[in-house]
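my_file-v6.pdb, holding PDB, C-alpha atoms and all ligand atoms:
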MODEL        1
ATOM      1  CA  MET A 583      36.995 -17.238 -27.123
ATOM      2  CA  LYS A 584      38.716 -16.661 -30.467
ATOM      3  CA  ILE A 585      41.708 -18.911 -30.993
ATOM      4  CA  ASP A 586      44.364 -18.185 -33.594
ATOM      5  CA  ARG A 587      45.536 -21.684 -34.412
ATOM      6  CA  GLU A 588      48.531 -20.601 -36.485
ATOM      7  CA  LYS A 589      49.770 -18.509 -33.583
ATOM      8  CA  VAL A 590      49.278 -21.379 -31.105
ATOM      9  CA  LYS A 591      51.222 -23.760 -33.343
ATOM     10  CA  LYS A 592      54.016 -21.214 -33.785
ATOM     11  CA  VAL A 593      54.332 -20.523 -30.051
ATOM     12  CA  PHE A 594      54.346 -24.252 -29.275
ATOM     13  CA  ALA A 595      57.008 -25.016 -31.911
ATOM     14  CA  GLU A 596      59.115 -22.119 -30.620
ATOM     15  CA  TYR A 597      58.755 -23.347 -27.016
ATOM     16  CA  VAL A 598      59.777 -26.949 -27.715
ATOM     17  CA  ARG A 599      62.728 -25.844 -29.838
ATOM     18  CA  HIS A 600      64.514 -25.130 -26.570
ATOM     19  CA  TYR A 601      64.435 -28.791 -25.593
ATOM     20  CA  ASP A 602      66.625 -31.600 -26.865
ATOM     21  CA  ALA A 603      64.873 -33.036 -29.923
ATOM     22  CA  GLU A 604      67.418 -35.889 -29.959
ATOM     23  CA  ASP A 605      65.887 -37.166 -26.733
ATOM     24  CA  PRO A 606      63.234 -39.762 -27.688
ATOM     25  CA  LYS A 607      61.089 -38.670 -24.713
ATOM     26  CA  ILE A 608      60.941 -35.105 -26.037
ATOM     27  CA  ARG A 609      60.229 -36.274 -29.600
ATOM     28  CA  LEU A 610      57.514 -38.589 -28.318
ATOM     29  CA  LYS A 611      55.787 -35.774 -26.408
ATOM     30  CA  ILE A 612      55.930 -33.320 -29.313
ATOM     31  CA  LEU A 613      54.214 -35.813 -31.619
ATOM     32  CA  HIS A 614      51.797 -36.829 -28.821
ATOM     33  CA  THR A 615      50.764 -33.183 -28.403
ATOM     34  CA  TYR A 616      49.877 -32.781 -32.084
ATOM     35  CA  LYS A 617      48.039 -36.107 -32.158
ATOM     36  CA  VAL A 618      46.028 -35.375 -28.994
ATOM     37  CA  SER A 619      44.982 -31.971 -30.300
ATOM     38  CA  GLU A 620      43.775 -33.577 -33.560
ATOM     39  CA  LEU A 621      41.858 -36.201 -31.574
ATOM     40  CA  CYS A 622      40.313 -33.525 -29.319
ATOM     41  CA  GLU A 623      39.183 -31.771 -32.482
ATOM     42  CA  GLU A 624      37.721 -34.963 -33.933
ATOM     43  CA  ILE A 625      35.784 -35.775 -30.758
ATOM     44  CA  ALA A 626      34.577 -32.177 -30.331
ATOM     45  CA  HIS A 627      33.530 -32.065 -33.969
ATOM     46  CA  ASP A 628      31.322 -35.073 -33.374
ATOM     47  CA  LEU A 629      29.862 -33.550 -30.191
ATOM     48  CA  PHE A 630      29.302 -29.976 -31.404
ATOM     49  CA  GLY A 631      28.853 -30.530 -35.121
ATOM     50  CA  THR A 632      25.392 -31.977 -34.621
ATOM     51  CA  THR A 633      24.012 -29.416 -32.125
ATOM     52  CA  GLU A 634      21.691 -26.487 -32.774
ATOM     53  CA  MET A 635      24.448 -23.892 -32.429
ATOM     54  CA  THR A 636      25.632 -21.778 -35.337
ATOM     55  CA  GLU A 637      28.564 -22.979 -37.364
ATOM     56  CA  ALA A 638      30.762 -20.180 -35.998
ATOM     57  CA  SER A 639      30.088 -20.969 -32.373
ATOM     58  CA  ALA A 640      30.446 -24.728 -32.983
ATOM     59  CA  GLN A 641      33.850 -23.938 -34.528
ATOM     60  CA  GLU A 642      34.863 -21.877 -31.488
ATOM     61  CA  ASN A 643      34.011 -24.792 -29.223
ATOM     62  CA  ILE A 644      35.959 -27.187 -31.430
ATOM     63  CA  ASP A 645      38.951 -24.824 -31.479
ATOM     64  CA  LEU A 646      38.897 -24.704 -27.688
ATOM     65  CA  ALA A 647      39.102 -28.508 -27.518
ATOM     66  CA  TRP A 648      41.996 -28.424 -30.017
ATOM     67  CA  LEU A 649      43.778 -25.768 -27.923
ATOM     68  CA  ILE A 650      43.492 -27.818 -24.747
ATOM     69  CA  GLY A 651      45.076 -30.736 -26.591
ATOM     70  CA  MET A 652      47.969 -28.491 -27.668
ATOM     71  CA  LEU A 653      48.572 -27.286 -24.109
ATOM     72  CA  HIS A 654      47.806 -30.348 -22.010
ATOM     73  CA  ASP A 655      51.322 -31.814 -21.780
ATOM     74  CA  ILE A 656      53.337 -28.592 -21.765
ATOM     75  CA  GLY A 657      54.753 -29.660 -18.377
ATOM     76  CA  ARG A 658      56.330 -32.766 -19.931
ATOM     77  CA  PHE A 659      59.239 -30.875 -21.466
ATOM     78  CA  GLU A 660      60.428 -29.367 -18.191
ATOM     79  CA  GLN A 661      59.795 -32.714 -16.482
ATOM     80  CA  VAL A 662      62.160 -34.441 -18.915
ATOM     81  CA  ARG A 663      64.748 -31.638 -18.759
ATOM     82  CA  ARG A 664      64.785 -31.563 -14.950
ATOM     83  CA  TYR A 665      64.265 -35.224 -14.064
ATOM     84  CA  HIS A 666      64.990 -37.200 -17.271
ATOM     85  CA  THR A 667      61.827 -39.236 -16.876
ATOM     86  CA  LEU A 668      58.189 -39.304 -17.948
ATOM     87  CA  LEU A 669      57.169 -41.106 -14.799
ATOM     88  CA  ASP A 670      55.350 -38.738 -12.448
ATOM     89  CA  ALA A 671      55.886 -41.127  -9.530
ATOM     90  CA  GLU A 672      59.655 -40.718  -9.920
ATOM     91  CA  SER A 673      59.568 -36.958 -10.405
ATOM     92  CA  VAL A 674      56.648 -34.497 -10.249
ATOM     93  CA  SER A 675      53.085 -34.325 -11.495
ATOM     94  CA  HIS A 676      53.543 -33.143 -15.086
ATOM     95  CA  ALA A 677      49.968 -31.780 -15.047
ATOM     96  CA  THR A 678      50.732 -29.548 -12.040
ATOM     97  CA  LEU A 679      53.994 -28.460 -13.635
ATOM     98  CA  GLY A 680      52.032 -27.519 -16.767
ATOM     99  CA  ILE A 681      49.617 -25.426 -14.711
ATOM    100  CA  GLU A 682      52.548 -23.601 -13.096
ATOM    101  CA  ILE A 683      54.114 -22.821 -16.476
ATOM    102  CA  LEU A 684      50.876 -21.711 -18.144
ATOM    103  CA  PHE A 685      49.096 -19.931 -15.306
ATOM    104  CA  GLU A 686      51.627 -18.932 -12.662
ATOM    105  CA  GLU A 687      54.505 -18.097 -15.000
ATOM    106  CA  GLY A 688      51.988 -16.646 -17.467
ATOM    107  CA  MET A 689      52.867 -18.623 -20.561
ATOM    108  CA  LEU A 690      49.197 -18.960 -21.517
ATOM    109  CA  THR A 691      49.227 -15.300 -22.622
ATOM    110  CA  ARG A 692      51.668 -16.211 -25.378
ATOM    111  CA  PHE A 693      49.130 -18.617 -26.859
ATOM    112  CA  ILE A 694      45.871 -16.692 -26.434
ATOM    113  CA  LYS A 695      44.472 -13.378 -25.234
ATOM    114  CA  VAL A 696      43.653 -14.028 -21.596
ATOM    115  CA  ASN A 697      40.607 -12.337 -20.147
ATOM    116  CA  PRO A 698      40.473 -13.475 -16.500
ATOM    117  CA  GLU A 699      36.683 -12.914 -16.496
ATOM    118  CA  ASP A 700      36.228 -15.518 -19.229
ATOM    119  CA  PRO A 701      35.032 -18.780 -17.592
ATOM    120  CA  ASP A 702      36.785 -20.742 -20.349
ATOM    121  CA  ILE A 703      40.127 -19.784 -18.790
ATOM    122  CA  GLY A 704      39.163 -21.735 -15.661
ATOM    123  CA  LEU A 705      37.960 -24.535 -17.907
ATOM    124  CA  ILE A 706      41.350 -24.765 -19.672
ATOM    125  CA  ARG A 707      43.045 -24.858 -16.284
ATOM    126  CA  ALA A 708      40.768 -27.622 -14.982
ATOM    127  CA  ALA A 709      41.069 -29.766 -18.121
ATOM    128  CA  ILE A 710      44.885 -29.659 -17.958
ATOM    129  CA  ALA A 711      45.077 -30.058 -14.177
ATOM    130  CA  TYR A 712      42.906 -33.184 -14.120
ATOM    131  CA  HIS A 713      43.883 -34.796 -17.424
ATOM    132  CA  SER A 714      45.998 -37.554 -15.932
ATOM    133  CA  ASP A 715      44.134 -38.091 -12.646
ATOM    134  CA  TYR A 716      42.441 -41.425 -12.041
ATOM    135  CA  ARG A 717      39.058 -39.680 -11.776
ATOM    136  CA  ILE A 718      37.931 -36.065 -12.330
ATOM    137  CA  PRO A 719      36.310 -34.212  -9.380
ATOM    138  CA  GLY A 720      32.566 -34.794  -9.090
ATOM    139  CA  ASP A 721      31.626 -31.125  -8.682
ATOM    140  CA  LEU A 722      32.620 -29.676 -12.068
ATOM    141  CA  ASP A 723      30.062 -27.722 -14.112
ATOM    142  CA  GLU A 724      28.774 -29.534 -17.224
ATOM    143  CA  ARG A 725      30.858 -27.597 -19.748
ATOM    144  CA  THR A 726      34.115 -28.015 -17.822
ATOM    145  CA  LYS A 727      33.354 -31.682 -17.281
ATOM    146  CA  MET A 728      32.799 -32.173 -21.014
ATOM    147  CA  TYR A 729      36.149 -30.614 -21.948
ATOM    148  CA  CYS A 730      37.917 -32.659 -19.262
ATOM    149  CA  GLN A 731      36.381 -35.773 -20.776
ATOM    150  CA  ILE A 732      37.223 -34.811 -24.367
ATOM    151  CA  LEU A 733      40.865 -34.302 -23.406
ATOM    152  CA  ARG A 734      41.048 -37.476 -21.328
ATOM    153  CA  ASP A 735      39.524 -39.543 -24.145
ATOM    154  CA  ALA A 736      41.902 -38.034 -26.728
ATOM    155  CA  ASP A 737      44.898 -38.568 -24.450
ATOM    156  CA  LYS A 738      44.018 -42.218 -23.895
ATOM    157  CA  LEU A 739      43.516 -42.816 -27.635
ATOM    158  CA  ASP A 740      46.976 -41.505 -28.412
ATOM    159  CA  ILE A 741      48.550 -43.367 -25.489
ATOM    160  CA  PHE A 742      47.389 -46.588 -27.220
ATOM    161  CA  ARG A 743      49.350 -45.514 -30.306
ATOM    162  CA  VAL A 744      52.440 -44.552 -28.290
ATOM    163  CA  ASN A 745      52.417 -47.916 -26.524
ATOM    164  CA  CYS A 746      52.298 -49.755 -29.858
ATOM    165  CA  GLU A 747      54.883 -47.649 -31.636
ATOM    166  CA  THR A 748      57.439 -47.092 -28.865
ATOM    167  CA  PRO A 749      59.420 -49.981 -27.393
ATOM    168  CA  LEU A 750      57.763 -50.454 -24.008
ATOM    169  CA  GLU A 751      61.096 -50.817 -22.272
ATOM    170  CA  ASP A 752      61.898 -47.213 -23.341
ATOM    171  CA  ILE A 753      58.767 -45.877 -21.677
ATOM    172  CA  TYR A 754      58.901 -47.873 -18.473
ATOM    173  CA  HIS A 755      62.663 -48.088 -17.775
ATOM    174  CA  ILE A 756      62.706 -51.882 -17.721
ATOM    175  CA  SER A 757      64.638 -54.479 -19.666
ATOM    176  CA  LYS A 758      63.034 -56.314 -22.554
ATOM    177  CA  GLU A 759      63.732 -59.580 -20.752
ATOM    178  CA  GLU A 760      61.910 -58.508 -17.587
ATOM    179  CA  LEU A 761      58.957 -57.350 -19.655
ATOM    180  CA  MET A 762      58.715 -60.547 -21.685
ATOM    181  CA  HIS A 763      58.867 -62.828 -18.628
ATOM    182  CA  ALA A 764      56.639 -60.939 -16.214
ATOM    183  CA  GLU A 765      53.134 -62.051 -15.219
ATOM    184  CA  VAL A 766      50.061 -59.924 -14.638
ATOM    185  CA  SER A 767      49.449 -59.437 -10.889
ATOM    186  CA  GLU A 768      46.308 -60.992  -9.435
ATOM    187  CA  GLU A 769      44.941 -57.656  -8.264
ATOM    188  CA  VAL A 770      45.514 -55.998 -11.651
ATOM    189  CA  MET A 771      43.768 -58.892 -13.391
ATOM    190  CA  GLU A 772      40.777 -58.696 -11.002
ATOM    191  CA  ASN A 773      40.545 -54.953 -11.477
ATOM    192  CA  PHE A 774      40.572 -55.408 -15.265
ATOM    193  CA  MET A 775      37.654 -57.829 -15.047
ATOM    194  CA  GLN A 776      35.669 -55.080 -13.318
ATOM    195  CA  ARG A 777      35.957 -53.052 -16.520
ATOM    196  CA  GLN A 778      37.828 -50.129 -15.023
ATOM    197  CA  ALA A 779      41.183 -48.411 -15.360
ATOM    198  CA  THR A 780      44.034 -49.829 -13.283
ATOM    199  CA  PRO A 781      44.942 -47.565 -10.320
ATOM    200  CA  ARG A 782      48.673 -46.772 -10.464
ATOM    201  CA  GLU A 783      49.343 -48.021  -6.947
ATOM    202  CA  ILE A 784      48.286 -51.617  -7.668
ATOM    203  CA  ARG A 785      50.689 -52.031 -10.608
ATOM    204  CA  LYS A 786      53.612 -54.193  -9.552
ATOM    205  CA  THR A 787      55.106 -56.061 -12.507
ATOM    206  CA  PRO A 788      56.305 -54.689 -15.870
ATOM    207  CA  VAL A 789      53.314 -56.145 -17.752
ATOM    208  CA  ASP A 790      50.921 -54.588 -15.240
ATOM    209  CA  TYR A 791      51.765 -51.322 -17.010
ATOM    210  CA  VAL A 792      50.666 -52.805 -20.325
ATOM    211  CA  VAL A 793      47.396 -53.977 -18.772
ATOM    212  CA  GLY A 794      47.098 -50.509 -17.246
ATOM    213  CA  MET A 795      47.210 -48.977 -20.714
ATOM    214  CA  ILE A 796      44.676 -51.390 -22.179
ATOM    215  CA  SER A 797      42.287 -50.935 -19.242
ATOM    216  CA  MET A 798      42.058 -47.214 -20.022
ATOM    217  CA  ALA A 799      39.734 -48.193 -22.860
ATOM    218  CA  PHE A 800      37.022 -49.029 -20.300
ATOM    219  CA  GLU A 801      36.953 -45.366 -19.291
ATOM    220  CA  LEU A 802      36.452 -43.830 -22.738
ATOM    221  CA  VAL A 803      33.411 -41.598 -22.305
ATOM    222  CA  TYR A 804      32.142 -40.768 -25.786
ATOM    223  CA  PRO A 805      30.861 -43.216 -28.430
ATOM    224  CA  ILE A 806      33.030 -41.437 -31.031
ATOM    225  CA  SER A 807      36.104 -42.186 -28.887
ATOM    226  CA  ARG A 808      35.282 -45.885 -28.774
ATOM    227  CA  LYS A 809      34.745 -45.822 -32.524
ATOM    228  CA  ILE A 810      38.146 -44.189 -33.066
ATOM    229  CA  ALA A 811      39.775 -46.780 -30.760
ATOM    230  CA  SER A 812      38.382 -49.654 -32.751
ATOM    231  CA  HIS A 813      39.437 -48.081 -36.083
ATOM    232  CA  GLN A 814      42.952 -47.480 -34.772
ATOM    233  CA  GLY A 815      43.433 -51.171 -33.975
ATOM    234  CA  TYR A 816      46.112 -50.443 -31.357
ATOM    235  CA  LEU A 817      44.164 -52.102 -28.548
ATOM    236  CA  ASP A 818      44.053 -55.384 -30.456
ATOM    237  CA  ARG A 819      47.789 -55.167 -30.948
ATOM    238  CA  LEU A 820      48.390 -54.501 -27.244
ATOM    239  CA  LEU A 821      46.125 -57.415 -26.345
ATOM    240  CA  ASP A 822      48.246 -59.694 -28.543
ATOM    241  CA  PHE A 823      51.195 -59.099 -26.214
ATOM    242  CA  PRO A 824      53.848 -61.639 -27.290
ATOM    243  CA  SER A 825      55.013 -62.733 -23.844
ATOM    244  CA  ASP A 826      57.635 -65.451 -23.440
ATOM    245  CA  ASN A 827      55.731 -66.603 -20.368
ATOM    246  CA  GLU A 828      52.955 -69.086 -21.030
ATOM    247  CA  LYS A 829      50.856 -67.976 -18.057
ATOM    248  CA  THR A 830      51.024 -64.370 -19.230
ATOM    249  CA  ARG A 831      49.965 -65.363 -22.746
ATOM    250  CA  ARG A 832      46.919 -67.071 -21.207
ATOM    251  CA  GLN A 833      46.175 -63.997 -19.094
ATOM    252  CA  PHE A 834      46.241 -61.778 -22.182
ATOM    253  CA  ALA A 835      44.064 -64.238 -24.102
ATOM    254  CA  ASP A 836      41.526 -64.093 -21.240
ATOM    255  CA  MET A 837      41.571 -60.302 -21.259
ATOM    256  CA  LYS A 838      41.106 -60.194 -25.019
ATOM    257  CA  LYS A 839      38.161 -62.547 -24.811
ATOM    258  CA  PHE A 840      36.653 -60.520 -21.992
ATOM    259  CA  MET A 841      37.116 -57.215 -23.778
ATOM    260  CA  CYS A 842      36.305 -58.157 -27.349
ATOM    261  CA  GLY A 843      33.929 -61.078 -26.783
TER     262      GLY A 843
HETATM  263 FE    FE A 901      49.760 -35.805 -19.887
ENDMDL
END
Do you think you could lay out the structure here as structure tokens?
Ligand SMILES: [Fe+2]
Amino acid sequence: MKIDREKVKKVFAEYVRHYDAEDPKIRLKILHTYKVSELCEEIAHDLFGTTEMTEASAQENIDLAWLIGMLHDIGRFEQVRRYHTLLDAESVSHATLGIEILFEEGMLTRFIKVNPEDPDIGLIRAAIAYHSDYRIPGDLDERTKMYCQILRDADKLDIFRVNCETPLEDIYHISKEELMHAEVSEEVMENFMQRQATPREIRKTPVDYVVGMISMAFELVYPISRKIASHQGYLDRLLDFPSDNEKTRRQFADMKKFMCG
């Protein structure tokens, strides 16, 4: 599939111009989109750059990863406009909304030439549909699975940045005081020590969300993604959570020790 990057960037910029750029949630998701697409490209470059394929076909594969990054959160803008939140649990699945916009309403054709016979169209759909699920389905073909994983790794890496750079109380609709006094729930702590991402339904306290973010690092699939995470340094910053609660500070110290040795 040939991807015209300039066209994709133009169509995206034109699309988001219709949303309120003064809204920090919109601004956050525009920047997140660009960052995730760059990270998808970086991961794909590492995966395809060293294979036997020709330079041109490696570049096509890398462009496809970049494209998926550009499209993955397209549902966020309508989510914010309609429901004024980024929390799926309080509104709709933004991934499903994105699929509706791109595939049912046909917006994908504005970004790329769509040949329904091309298996990469189904791959784009799957990668976007599953990008924020706890786990991807077990029956995906190898190529689709790889693109799902590239996108999920890239998304997680940029979520670490967002959580460091955005006041957490803006993302989670909680007061600073609540956040600084809360403790990590027992179940969330136990789940963390099993080196896996925190399922949404076990999060109870405001800091559980912070632990939830950090625990995503356990699920990074590719070595290049783990390398990027350690260069970024955001995980270390999240693990140094400056709680006002002594028990919580101890909990974070334990998690840091467990994660970083
Ligand atoms: Fe997303």
Point-to-point distance from atom CA of Trp648 of chain A to atom CA of Cys622 of chain A, Å rounded to tenths: 5.4 Å
Nearest residue to ligand FE 901 (chain A) from the set A:Arg658, A:Lys592, A:Arg782, A:Arg717 (distances using all atoms listed in the file): A:Arg658
Protein and nucleic residues near ligand FE 901 (chain A), 7 Å, all atoms listed in the file, as a PyMOL selection string: chain A and resi 654-655+676-677+713-714
Selection result for the PyMOL selection byres (((chain A and resi 711) around 12) and not hetatm) on this file, as a PyMOL selection string: chain A and resi 650+653-657+675-685+704-710+712-719+726+729-730+733-734
Residues within 9 Å of (51.8, -66.6, -21.2), counting all atoms listed in the file, listed as a PyMOL selection string: chain A and resi 763-765+824-835
Applying the PyMOL selection byres (((chain A and resi 785-797) around 10) and not hetatm) to the file I just gave you, which residues come out? Please list them as a PDB file with C-alpha atoms, keeping the file's coordinate frame.
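Done, and the output landed in part.pdb:
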ATOM      1  CA  LYS A 738      44.018 -42.218 -23.895  1.00  0.00           C
ATOM      2  CA  LEU A 739      43.516 -42.816 -27.635  1.00  0.00           C
ATOM      3  CA  ILE A 741      48.550 -43.367 -25.489  1.00  0.00           C
ATOM      4  CA  PHE A 742      47.389 -46.588 -27.220  1.00  0.00           C
ATOM      5  CA  ASN A 745      52.417 -47.916 -26.524  1.00  0.00           C
ATOM      6  CA  LEU A 750      57.763 -50.454 -24.008  1.00  0.00           C
ATOM      7  CA  GLU A 751      61.096 -50.817 -22.272  1.00  0.00           C
ATOM      8  CA  TYR A 754      58.901 -47.873 -18.473  1.00  0.00           C
ATOM      9  CA  HIS A 755      62.663 -48.088 -17.775  1.00  0.00           C
ATOM     10  CA  ILE A 756      62.706 -51.882 -17.721  1.00  0.00           C
ATOM     11  CA  SER A 757      64.638 -54.479 -19.666  1.00  0.00           C
ATOM     12  CA  LYS A 758      63.034 -56.314 -22.554  1.00  0.00           C
ATOM     13  CA  GLU A 760      61.910 -58.508 -17.587  1.00  0.00           C
ATOM     14  CA  LEU A 761      58.957 -57.350 -19.655  1.00  0.00           C
ATOM     15  CA  MET A 762      58.715 -60.547 -21.685  1.00  0.00           C
ATOM     16  CA  HIS A 763      58.867 -62.828 -18.628  1.00  0.00           C
ATOM     17  CA  ALA A 764      56.639 -60.939 -16.214  1.00  0.00           C
ATOM     18  CA  GLU A 765      53.134 -62.051 -15.219  1.00  0.00           C
ATOM     19  CA  VAL A 766      50.061 -59.924 -14.638  1.00  0.00           C
ATOM     20  CA  SER A 767      49.449 -59.437 -10.889  1.00  0.00           C
ATOM     21  CA  GLU A 768      46.308 -60.992  -9.435  1.00  0.00           C
ATOM     22  CA  GLU A 769      44.941 -57.656  -8.264  1.00  0.00           C
ATOM     23  CA  VAL A 770      45.514 -55.998 -11.651  1.00  0.00           C
ATOM     24  CA  MET A 771      43.768 -58.892 -13.391  1.00  0.00           C
ATOM     25  CA  ASN A 773      40.545 -54.953 -11.477  1.00  0.00           C
ATOM     26  CA  PHE A 774      40.572 -55.408 -15.265  1.00  0.00           C
ATOM     27  CA  MET A 775      37.654 -57.829 -15.047  1.00  0.00           C
ATOM     28  CA  GLN A 776      35.669 -55.080 -13.318  1.00  0.00           C
ATOM     29  CA  ARG A 777      35.957 -53.052 -16.520  1.00  0.00           C
ATOM     30  CA  GLN A 778      37.828 -50.129 -15.023  1.00  0.00           C
ATOM     31  CA  ALA A 779      41.183 -48.411 -15.360  1.00  0.00           C
ATOM     32  CA  THR A 780      44.034 -49.829 -13.283  1.00  0.00           C
ATOM     33  CA  PRO A 781      44.942 -47.565 -10.320  1.00  0.00           C
ATOM     34  CA  ARG A 782      48.673 -46.772 -10.464  1.00  0.00           C
ATOM     35  CA  GLU A 783      49.343 -48.021  -6.947  1.00  0.00           C
ATOM     36  CA  ILE A 784      48.286 -51.617  -7.668  1.00  0.00           C
ATOM     37  CA  MET A 798      42.058 -47.214 -20.022  1.00  0.00           C
ATOM     38  CA  ALA A 799      39.734 -48.193 -22.860  1.00  0.00           C
ATOM     39  CA  PHE A 800      37.022 -49.029 -20.300  1.00  0.00           C
ATOM     40  CA  GLU A 801      36.953 -45.366 -19.291  1.00  0.00           C
ATOM     41  CA  LEU A 802      36.452 -43.830 -22.738  1.00  0.00           C
ATOM     42  CA  TYR A 816      46.112 -50.443 -31.357  1.00  0.00           C
ATOM     43  CA  LEU A 817      44.164 -52.102 -28.548  1.00  0.00           C
ATOM     44  CA  ASP A 818      44.053 -55.384 -30.456  1.00  0.00           C
ATOM     45  CA  LEU A 820      48.390 -54.501 -27.244  1.00  0.00           C
ATOM     46  CA  LEU A 821      46.125 -57.415 -26.345  1.00  0.00           C
ATOM     47  CA  PHE A 823      51.195 -59.099 -26.214  1.00  0.00           C
ATOM     48  CA  SER A 825      55.013 -62.733 -23.844  1.00  0.00           C
ATOM     49  CA  THR A 830      51.024 -64.370 -19.230  1.00  0.00           C
ATOM     50  CA  PHE A 834      46.241 -61.778 -22.182  1.00  0.00           C
ATOM     51  CA  MET A 837      41.571 -60.302 -21.259  1.00  0.00           C
ATOM     52  CA  LYS A 838      41.106 -60.194 -25.019  1.00  0.00           C
ATOM     53  CA  MET A 841      37.116 -57.215 -23.778  1.00  0.00           C
TER      54      MET A 841
END
Computed interatomic separation between atom CA of Met728 of chain A and atom CA of Arg743 of chain A (Å): 23.2 Å
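Among A:Gly651, A:Asp605, A:Ala595, A:Pro701, the residue with the shortest atom-to-atom distance to Asp723 of chain A, counting all atoms listed in the file, is A:Pro701.
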Output check: residues returned by the PyMOL selection byres (((chain A and resi 620) around 12) and not hetatm), as a PyMOL selection string: chain A and resi 613-619+621-627+644-652+732-733+735-737+739-740
Pick from A:Met583, A:Leu629, A:Leu690, A:Val593, whichever lies nearest to Pro805 of chain A using only C-alpha atoms: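 Looking only at the distances to Pro805 of chain A, the closest residue turns out to be A:Leu629.
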